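Following: one structure in C-alpha cells, then a few remarks.
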Amino acid sequence: MNKLNVESNGTSTYLVYELQDGEEIDTLSLGMVVNNKISNVMPIIFSQVDNNKYFKYNISSKISLSQFFNGIVNKKRLLTVFSSVLKAIIESTEYMIDSSSFLLDPEYIYVDVSTSEAHLLCMPLMELAEHKVEIAPFFKNIVFSTQFDQSENTDYVVKLITYLNANQTVSIEGFSEFIDELLYGPKQVKK
C-alpha cells in the first residue's frame, strides 16, 4: 500500500492516496462510501487523472487520533472516540463494507476536536479485504499508550483492560455496548 499525503486546497485540507499499479478497487465498498453518509466514516472523493487514480478525504478541522491523545486524556474523550470508532464499523456492515477496509491506525483516524468523535478512513482496496481485523489489540494499544487524567476516577481504565483481556475474541457489538455503559451508565430496561 502506498503512503497517504496531505494536500491543501484553499481553506480545505485533504488526505490523498494514489493507487499503485496492480491495486484493485473494491467497487462495492467505494460505491457505498461515495453514495451514502455513514456515521463516523470519512466520505471519499474518487478521482482519476489519465491513468492515475486517487482517493481523497477531507480532513479540514480534524486532527489525527495520535495528536488528539497526545497529552492527558479524560474519560469522556477516550470513550467518545472508542464509541464512534465502533459505531462506524457497526454501521458500515449494514452497507456491506468489511471492517478490514478501515485503516485502524491512530495516524489515519481523524477526530473532530469539538465533539471528540472519531472518523475512520475506508480504504476500498481488494487486498485489504483479505486481512481479518482484530479490534482488541487496537484498543489495548491505545489504552496502554495513553496518559489518563488522574484528577478523575480512572476505574473505567481497569474495566476496559479487564474486558479486553477477558475475551479471546472481542465482539464489536458487545464491546460497543460495554463502552456506552461506561460512558452513559447502565441501560434502563423498559417495562
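In the C-alpha cells, chains take the letters A, B, ... in the order shown, each chain's residues start at 1, and ligands count up from 1 in the order shown.
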Close residues, range 67-73 of chain A itself excluded, 6 Å, only C-alpha atoms, min 2 positions apart in chain, as a list in words: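 The residues satisfying every condition are Ser64, Leu65, Gln147, Phe148 and Asp149 of chain A.
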Distance query range 16-30 of chain A at most 9 Å, only C-alpha atoms, self and fewer than 4 positions along chain excluded, as a PyMOL selection string: chain A and resi 1-7+34-35+44+46+52-58+95-98+101+122-127+129
Between CA of Gly31 in chain A and CA of Ser92 in chain A, distance in Å (one decimal):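 Value for the CA of Gly31 in chain A-CA of Ser92 in chain A distance: 12.2 Å.
Candidate residues A:Asp50, A:Asp180, A:Glu91, A:Glu117 were compared for distance to Tyr156 in chain A, and the nearest is A:Asp180, using only C-alpha atoms.
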Two-atom distance - CA of Leu164 in chain A, CA of His131 in chain A (Å):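 Interatomic distance, CA of Leu164 in chain A to CA of His131 in chain A: 20.9 Å.
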All helix (DSSP H, G or I) positions in range 3-93 of chain A, as a ChimeraX atom specification: /A:27-35,65-68,75-93
Using only C-alpha atoms: which of A:Glu94, A:Ala118, A:Ser47, A:Tyr163 has the shortest distance to Glu177 in chain A: A:Tyr163
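Closest to Ser171 in chain A among A:Lys76, A:Gly10, A:Val81, A:Ile89 is A:Ile89, based on only C-alpha atoms.
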Minimum-distance residue to Ser12 in chain A, chosen among A:Val170, A:Leu103, A:Ile161, A:Ile59 (using only C-alpha atoms): A:Ile59
Long-range neighbours of Val143 in chain A as a list in words, 10 Å cut-off, only C-alpha atoms, 4 positions minimum in chain: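 Everything that qualifies: Leu78, Pro137, Phe138, Phe139, Gln147, Phe148, Val157, Val158, Leu160 and Ile161 of chain A.
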Selection above as a file: C-alpha atoms, as an mmCIF file, in the first residue's frame:
data_model
loop_
_atom_site.group_PDB
_atom_site.id
_atom_site.type_symbol
_atom_site.label_atom_id
_atom_site.label_comp_id
_atom_site.auth_asym_id
_atom_site.auth_seq_id
_atom_site.Cartn_x
_atom_site.Cartn_y
_atom_site.Cartn_z
ATOM 1 C CA LEU A 78 -11.409 8.372 25.315
ATOM 2 C CA PRO A 137 -5.145 -5.180 20.081
ATOM 3 C CA PHE A 138 -6.007 -1.812 18.507
ATOM 4 C CA PHE A 139 -7.968 -0.642 21.573
ATOM 5 C CA GLN A 147 -1.845 9.205 29.784
ATOM 6 C CA PHE A 148 -5.091 9.458 31.755
ATOM 7 C CA VAL A 157 -9.449 2.140 32.570
ATOM 8 C CA VAL A 158 -9.205 -1.001 34.722
ATOM 9 C CA LEU A 160 -11.539 -1.571 29.859
ATOM 10 C CA ILE A 161 -8.340 -3.594 30.281
#
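Ranking A:Leu104, A:Val33, A:Ile63, A:Ile45 by their shortest atom-to-atom distance to Asn141 in chain A, with only C-alpha atoms included, puts A:Leu104 first.
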If you run DSSP on the backbone here, which positions in chain A get strand (DSSP E or B)? Please write them as a PDB file with N, CA and C atoms, in the first residue's frame.
ATOM      1  N   LEU A   4      -0.126   7.827   2.334  1.00  0.00           N
ATOM      2  CA  LEU A   4      -1.118   8.884   2.195  1.00  0.00           C
ATOM      3  C   LEU A   4      -0.413  10.223   2.365  1.00  0.00           C
ATOM      4  N   ASN A   5      -0.781  11.190   1.548  1.00  0.00           N
ATOM      5  CA  ASN A   5      -0.163  12.513   1.602  1.00  0.00           C
ATOM      6  C   ASN A   5      -1.208  13.573   1.919  1.00  0.00           C
ATOM      7  N   VAL A   6      -0.772  14.625   2.575  1.00  0.00           N
ATOM      8  CA  VAL A   6      -1.662  15.732   2.911  1.00  0.00           C
ATOM      9  C   VAL A   6      -1.503  16.815   1.849  1.00  0.00           C
ATOM     10  N   GLU A   7      -2.649  17.291   1.336  1.00  0.00           N
ATOM     11  CA  GLU A   7      -2.658  18.366   0.344  1.00  0.00           C
ATOM     12  C   GLU A   7      -3.593  19.467   0.815  1.00  0.00           C
ATOM     13  N   SER A   8      -3.182  20.714   0.607  1.00  0.00           N
ATOM     14  CA  SER A   8      -4.048  21.845   0.923  1.00  0.00           C
ATOM     15  C   SER A   8      -4.603  22.422  -0.364  1.00  0.00           C
ATOM     16  N   ASN A   9      -5.878  22.788  -0.314  1.00  0.00           N
ATOM     17  CA  ASN A   9      -6.545  23.378  -1.469  1.00  0.00           C
ATOM     18  C   ASN A   9      -7.396  24.528  -0.940  1.00  0.00           C
ATOM     19  N   SER A  12      -9.351  24.172   2.501  1.00  0.00           N
ATOM     20  CA  SER A  12      -9.577  22.753   2.780  1.00  0.00           C
ATOM     21  C   SER A  12      -8.265  21.980   2.779  1.00  0.00           C
ATOM     22  N   THR A  13      -8.240  20.939   3.618  1.00  0.00           N
ATOM     23  CA  THR A  13      -7.086  20.056   3.700  1.00  0.00           C
ATOM     24  C   THR A  13      -7.554  18.641   3.385  1.00  0.00           C
ATOM     25  N   TYR A  14      -6.808  17.969   2.525  1.00  0.00           N
ATOM     26  CA  TYR A  14      -7.178  16.618   2.104  1.00  0.00           C
ATOM     27  C   TYR A  14      -6.057  15.639   2.379  1.00  0.00           C
ATOM     28  N   LEU A  15      -6.451  14.419   2.720  1.00  0.00           N
ATOM     29  CA  LEU A  15      -5.527  13.309   2.804  1.00  0.00           C
ATOM     30  C   LEU A  15      -5.728  12.563   1.488  1.00  0.00           C
ATOM     31  N   VAL A  16      -4.646  12.351   0.741  1.00  0.00           N
ATOM     32  CA  VAL A  16      -4.752  11.793  -0.604  1.00  0.00           C
ATOM     33  C   VAL A  16      -3.974  10.487  -0.707  1.00  0.00           C
ATOM     34  N   TYR A  17      -4.632   9.496  -1.307  1.00  0.00           N
ATOM     35  CA  TYR A  17      -3.992   8.211  -1.565  1.00  0.00           C
ATOM     36  C   TYR A  17      -3.989   7.980  -3.074  1.00  0.00           C
ATOM     37  N   GLU A  18      -2.786   7.770  -3.630  1.00  0.00           N
ATOM     38  CA  GLU A  18      -2.672   7.459  -5.053  1.00  0.00           C
ATOM     39  C   GLU A  18      -2.527   5.949  -5.194  1.00  0.00           C
ATOM     40  N   ILE A  25      -9.554  -1.870  -6.927  1.00  0.00           N
ATOM     41  CA  ILE A  25     -10.538  -1.173  -6.105  1.00  0.00           C
ATOM     42  C   ILE A  25     -11.684  -2.115  -5.755  1.00  0.00           C
ATOM     43  N   VAL A  41     -17.655   7.686   9.297  1.00  0.00           N
ATOM     44  CA  VAL A  41     -16.801   7.232   8.198  1.00  0.00           C
ATOM     45  C   VAL A  41     -16.550   8.447   7.314  1.00  0.00           C
ATOM     46  N   ILE A  45     -13.640  11.080  -1.947  1.00  0.00           N
ATOM     47  CA  ILE A  45     -13.759  11.679  -3.273  1.00  0.00           C
ATOM     48  C   ILE A  45     -12.836  10.840  -4.154  1.00  0.00           C
ATOM     49  N   PHE A  46     -13.406  10.171  -5.146  1.00  0.00           N
ATOM     50  CA  PHE A  46     -12.602   9.356  -6.050  1.00  0.00           C
ATOM     51  C   PHE A  46     -12.356  10.159  -7.318  1.00  0.00           C
ATOM     52  N   SER A  47     -11.107  10.219  -7.741  1.00  0.00           N
ATOM     53  CA  SER A  47     -10.808  10.937  -8.986  1.00  0.00           C
ATOM     54  C   SER A  47      -9.769  10.170  -9.786  1.00  0.00           C
ATOM     55  N   GLN A  48      -9.779  10.439 -11.087  1.00  0.00           N
ATOM     56  CA  GLN A  48      -8.819   9.806 -11.977  1.00  0.00           C
ATOM     57  C   GLN A  48      -8.313  10.857 -12.948  1.00  0.00           C
ATOM     58  N   VAL A  49      -6.986  10.968 -13.038  1.00  0.00           N
ATOM     59  CA  VAL A  49      -6.336  11.863 -13.988  1.00  0.00           C
ATOM     60  C   VAL A  49      -5.447  10.987 -14.851  1.00  0.00           C
ATOM     61  N   ASN A  52      -3.856   7.704 -13.529  1.00  0.00           N
ATOM     62  CA  ASN A  52      -3.654   7.799 -12.083  1.00  0.00           C
ATOM     63  C   ASN A  52      -5.005   7.923 -11.366  1.00  0.00           C
ATOM     64  N   LYS A  53      -5.199   7.064 -10.352  1.00  0.00           N
ATOM     65  CA  LYS A  53      -6.446   7.058  -9.577  1.00  0.00           C
ATOM     66  C   LYS A  53      -6.145   7.489  -8.148  1.00  0.00           C
ATOM     67  N   TYR A  54      -7.070   8.265  -7.581  1.00  0.00           N
ATOM     68  CA  TYR A  54      -6.857   8.830  -6.247  1.00  0.00           C
ATOM     69  C   TYR A  54      -8.103   8.674  -5.375  1.00  0.00           C
ATOM     70  N   PHE A  55      -7.864   8.440  -4.079  1.00  0.00           N
ATOM     71  CA  PHE A  55      -8.896   8.566  -3.054  1.00  0.00           C
ATOM     72  C   PHE A  55      -8.528   9.820  -2.279  1.00  0.00           C
ATOM     73  N   LYS A  56      -9.506  10.716  -2.088  1.00  0.00           N
ATOM     74  CA  LYS A  56      -9.259  11.927  -1.298  1.00  0.00           C
ATOM     75  C   LYS A  56     -10.250  11.981  -0.142  1.00  0.00           C
ATOM     76  N   TYR A  57      -9.740  12.391   1.010  1.00  0.00           N
ATOM     77  CA  TYR A  57     -10.553  12.511   2.221  1.00  0.00           C
ATOM     78  C   TYR A  57     -10.384  13.929   2.753  1.00  0.00           C
ATOM     79  N   ASN A  58     -11.486  14.612   2.991  1.00  0.00           N
ATOM     80  CA  ASN A  58     -11.430  15.970   3.512  1.00  0.00           C
ATOM     81  C   ASN A  58     -11.208  15.903   5.029  1.00  0.00           C
ATOM     82  N   ILE A  63      -8.087  16.509  13.531  1.00  0.00           N
ATOM     83  CA  ILE A  63      -6.696  16.153  13.808  1.00  0.00           C
ATOM     84  C   ILE A  63      -6.598  14.638  13.933  1.00  0.00           C
ATOM     85  N   SER A  64      -5.400  14.116  13.768  1.00  0.00           N
ATOM     86  CA  SER A  64      -5.230  12.672  13.874  1.00  0.00           C
ATOM     87  C   SER A  64      -5.453  12.221  15.318  1.00  0.00           C
ATOM     88  N   ILE A  72      -2.720  14.647  28.303  1.00  0.00           N
ATOM     89  CA  ILE A  72      -3.599  13.994  29.272  1.00  0.00           C
ATOM     90  C   ILE A  72      -4.996  13.846  28.673  1.00  0.00           C
ATOM     91  N   VAL A  73      -5.558  12.631  28.810  1.00  0.00           N
ATOM     92  CA  VAL A  73      -6.862  12.305  28.220  1.00  0.00           C
ATOM     93  C   VAL A  73      -7.857  11.984  29.331  1.00  0.00           C
ATOM     94  N   PHE A 102     -11.033  -0.620   6.805  1.00  0.00           N
ATOM     95  CA  PHE A 102     -10.710   0.580   7.569  1.00  0.00           C
ATOM     96  C   PHE A 102      -9.259   0.583   8.014  1.00  0.00           C
ATOM     97  N   TYR A 110      -9.243  10.290  12.167  1.00  0.00           N
ATOM     98  CA  TYR A 110      -9.316  11.730  12.397  1.00  0.00           C
ATOM     99  C   TYR A 110     -10.447  12.070  13.352  1.00  0.00           C
ATOM    100  N   VAL A 111     -10.158  13.015  14.249  1.00  0.00           N
ATOM    101  CA  VAL A 111     -11.079  13.367  15.320  1.00  0.00           C
ATOM    102  C   VAL A 111     -11.507  14.821  15.189  1.00  0.00           C
ATOM    103  N   ASP A 112     -12.805  15.036  15.360  1.00  0.00           N
ATOM    104  CA  ASP A 112     -13.360  16.380  15.430  1.00  0.00           C
ATOM    105  C   ASP A 112     -13.144  16.838  16.873  1.00  0.00           C
ATOM    106  N   GLU A 117     -15.491  13.088  18.444  1.00  0.00           N
ATOM    107  CA  GLU A 117     -15.903  11.953  17.618  1.00  0.00           C
ATOM    108  C   GLU A 117     -14.828  11.629  16.592  1.00  0.00           C
ATOM    109  N   ALA A 118     -14.530  10.343  16.491  1.00  0.00           N
ATOM    110  CA  ALA A 118     -13.525   9.869  15.542  1.00  0.00           C
ATOM    111  C   ALA A 118     -14.190   9.521  14.219  1.00  0.00           C
ATOM    112  N   HIS A 119     -13.423   9.659  13.139  1.00  0.00           N
ATOM    113  CA  HIS A 119     -13.903   9.330  11.789  1.00  0.00           C
ATOM    114  C   HIS A 119     -12.864   8.420  11.141  1.00  0.00           C
ATOM    115  N   LEU A 120     -13.341   7.275  10.665  1.00  0.00           N
ATOM    116  CA  LEU A 120     -12.449   6.284  10.073  1.00  0.00           C
ATOM    117  C   LEU A 120     -12.297   6.512   8.571  1.00  0.00           C
ATOM    118  N   CYS A 122     -12.031   4.693   5.109  1.00  0.00           N
ATOM    119  CA  CYS A 122     -12.260   3.436   4.415  1.00  0.00           C
ATOM    120  C   CYS A 122     -11.312   3.427   3.223  1.00  0.00           C
ATOM    121  N   LEU A 125      -9.790  -1.230  -1.033  1.00  0.00           N
ATOM    122  CA  LEU A 125      -8.870  -1.985  -1.874  1.00  0.00           C
ATOM    123  C   LEU A 125      -9.103  -3.471  -1.647  1.00  0.00           C
ATOM    124  N   GLN A 147      -2.029   8.660  28.432  1.00  0.00           N
ATOM    125  CA  GLN A 147      -1.845   9.205  29.784  1.00  0.00           C
ATOM    126  C   GLN A 147      -3.203   9.725  30.248  1.00  0.00           C
ATOM    127  N   PHE A 148      -3.744   9.127  31.299  1.00  0.00           N
ATOM    128  CA  PHE A 148      -5.091   9.458  31.755  1.00  0.00           C
ATOM    129  C   PHE A 148      -5.088  10.558  32.805  1.00  0.00           C
TER     130      PHE A 148
END
Selected residue of minimal separation from Phe175 in chain A among A:Gln150, A:Val85, A:Pro106, A:Ser100, counting only C-alpha atoms: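 Checking each of A:Gln150, A:Val85, A:Pro106, A:Ser100 against Phe175 in chain A, counting only C-alpha atoms, the winner is A:Val85.
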Nearby residues (only C-alpha atoms) at most 12 Å from Tyr184 in chain A, same-chain spacing under 5 positions excluded, as a count of residues only: 10
